[in-house]
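> Here's a structure for you.
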Amino acid sequence: MTTAATIGYGSLFKRGDGADPEVFTAIAEVTSADPPSSEADDVEVTNLDSPNRTKEYIQGMIEAGEASLEMNFLPGDATQDATTGLIADHAAGTVKNWQMEFSDAASTTVTFPGYVKRFDPGPVTPSGALTASCVIKVTGPEVWA
């Protein structure tokens, strides 16, 4: 059987504008992106009748986690700059909607609310590209479509 796997090339990490309907704009020159990784708490519900003296658990609250991206740093680009971009979002602390669009045939997306927790311009060297990393703290549930 032939695989249905695909490469990440063509995937996009986008920021919403908050309008209705919301428009998402791709962050410029993203080189890698990690969508949110959520994890549920384990709630112990062991009782005197638990089978075979084995602890029992149910799923608790979900920690939505974080998303992160690496990019070529373009300090004057509207999606990254201190006026309208990621740097401005970090300074403002405003919760926005974010979206990762995957490069699969269906253009699957995951959309989530969050704020820019960290924006980190990388080292500046004579012969290296300017780079930056960004972490988005997810503040609510993910929606996959």
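The chains in the structure tokens are called A, B, ... from first to last as shown; in each chain the residues are counted from 1, and the ligands are counted from 1 in the order shown.
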Can you write out as a Markdown table which residues of range 42-137 of chain A fall within 9 Å of range 5-10 of chain A, alongside each residue's closest atom pair and its distance in Å to one decimal, counting only C-alpha atoms and ordering rows by chain and ascending residue number?


| residue | atom | partner | partner_atom | distance |
| --- | --- | --- | --- | --- |
| A:Glu101 | CA | A:Gly10 | CA | 8.7 |
| A:Phe102 | CA | A:Gly8 | CA | 7.1 |
| A:Ser103 | CA | A:Gly10 | CA | 5.3 |
| A:Asp104 | CA | A:Thr6 | CA | 6.3 |
| A:Ala105 | CA | A:Thr6 | CA | 8.6 |

> Would you put the residues from that selection into a file with N, CA and C atoms, as a compact mmCIF listing (two decimals), in the first residue's frame?


# COMPACT_ATOMS: atom_id res chain seq x y z
N GLU A 101 -2.36 25.77 9.58
CA GLU A 101 -2.94 25.10 8.42
C GLU A 101 -1.90 24.12 7.90
N PHE A 102 -2.27 22.86 7.87
CA PHE A 102 -1.35 21.81 7.46
C PHE A 102 -1.36 21.65 5.94
N SER A 103 -0.30 21.07 5.42
CA SER A 103 -0.13 20.95 3.97
C SER A 103 -0.73 19.67 3.40
N ASP A 104 -1.60 19.01 4.16
CA ASP A 104 -2.23 17.80 3.65
C ASP A 104 -3.25 18.16 2.57
N ALA A 105 -3.74 17.16 1.88
CA ALA A 105 -4.66 17.40 0.76
C ALA A 105 -5.93 18.10 1.20

> Could you list, as JSON, numbers by chain, every residue within 8 Å of Pro35 in chain A, counting only C-alpha atoms and ignoring same-chain residues fewer than 6 positions away?

{"A": [66, 67, 68, 100, 110]}

> Only C-alpha atoms, please: the residues just picked out, written as a compact mmCIF listing (two decimals), in the first residue's frame.


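result01.txt was written with the following content:
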# COMPACT_ATOMS: atom_id res chain seq x y z
CA GLU A 66 1.64 26.03 23.99
CA ALA A 67 2.35 26.40 20.31
CA SER A 68 5.69 27.60 19.01
CA MET A 100 -2.07 26.19 11.94
CA VAL A 110 -6.26 23.65 14.14

> May I have the residues within 8 Å of range 136-145 of chain A as a list in words, using only C-alpha atoms and disregarding those fewer than 5 positions away in the same chain?

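Contacts, in chain order: Pro36, Ala64, Gly65, Glu66, Ala67, Ser68, Val95, Thr108, Thr109, Val110, Thr111, Phe112, Pro113, Gly114, Tyr115, Val116, Lys117 and Arg118 of chain A.
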
> Can you list every residue in chain A that DSSP puts in strand (DSSP E), as a count of residues only?

62

> Env of range 15-20 of chain A: 8 Å cut, atoms = only C-alpha atoms, seq-sep filter 2 positions within chain, self excluded. Answer as a PyMOL selection string.

chain A and resi 13+22-27+96-99

> Output N, CA and C atoms of each residue in that selection to a file, as a PDB file, in the first residue's frame.


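And here's out16.pdb as it stands now:
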ATOM      1  N   PHE A  13       1.356  29.083   9.537  1.00  0.00           N
ATOM      2  CA  PHE A  13       0.989  29.472  10.900  1.00  0.00           C
ATOM      3  C   PHE A  13       0.396  30.866  10.787  1.00  0.00           C
ATOM      4  N   GLU A  22     -13.760  36.223  10.804  1.00  0.00           N
ATOM      5  CA  GLU A  22     -12.331  36.392  11.101  1.00  0.00           C
ATOM      6  C   GLU A  22     -11.484  36.043   9.889  1.00  0.00           C
ATOM      7  N   VAL A  23     -10.474  36.868   9.660  1.00  0.00           N
ATOM      8  CA  VAL A  23      -9.521  36.645   8.577  1.00  0.00           C
ATOM      9  C   VAL A  23      -8.187  36.290   9.213  1.00  0.00           C
ATOM     10  N   PHE A  24      -7.565  35.228   8.731  1.00  0.00           N
ATOM     11  CA  PHE A  24      -6.273  34.783   9.248  1.00  0.00           C
ATOM     12  C   PHE A  24      -5.186  35.130   8.234  1.00  0.00           C
ATOM     13  N   THR A  25      -4.091  35.702   8.743  1.00  0.00           N
ATOM     14  CA  THR A  25      -2.950  36.087   7.905  1.00  0.00           C
ATOM     15  C   THR A  25      -1.747  35.264   8.314  1.00  0.00           C
ATOM     16  N   ALA A  26      -1.047  34.707   7.333  1.00  0.00           N
ATOM     17  CA  ALA A  26       0.131  33.884   7.604  1.00  0.00           C
ATOM     18  C   ALA A  26       1.269  34.740   8.141  1.00  0.00           C
ATOM     19  N   ILE A  27       1.934  34.254   9.183  1.00  0.00           N
ATOM     20  CA  ILE A  27       3.145  34.894   9.694  1.00  0.00           C
ATOM     21  C   ILE A  27       4.239  34.672   8.653  1.00  0.00           C
ATOM     22  N   LYS A  96      -5.585  36.429  21.030  1.00  0.00           N
ATOM     23  CA  LYS A  96      -6.053  36.407  19.639  1.00  0.00           C
ATOM     24  C   LYS A  96      -6.307  34.960  19.251  1.00  0.00           C
ATOM     25  N   ASN A  97      -6.955  34.769  18.121  1.00  0.00           N
ATOM     26  CA  ASN A  97      -7.090  33.428  17.567  1.00  0.00           C
ATOM     27  C   ASN A  97      -5.918  33.166  16.635  1.00  0.00           C
ATOM     28  N   TRP A  98      -5.407  31.951  16.716  1.00  0.00           N
ATOM     29  CA  TRP A  98      -4.270  31.504  15.913  1.00  0.00           C
ATOM     30  C   TRP A  98      -4.696  30.263  15.159  1.00  0.00           C
ATOM     31  N   GLN A  99      -4.024  30.002  14.057  1.00  0.00           N
ATOM     32  CA  GLN A  99      -4.398  28.854  13.246  1.00  0.00           C
ATOM     33  C   GLN A  99      -3.172  28.248  12.583  1.00  0.00           C
TER      34      GLN A  99
END
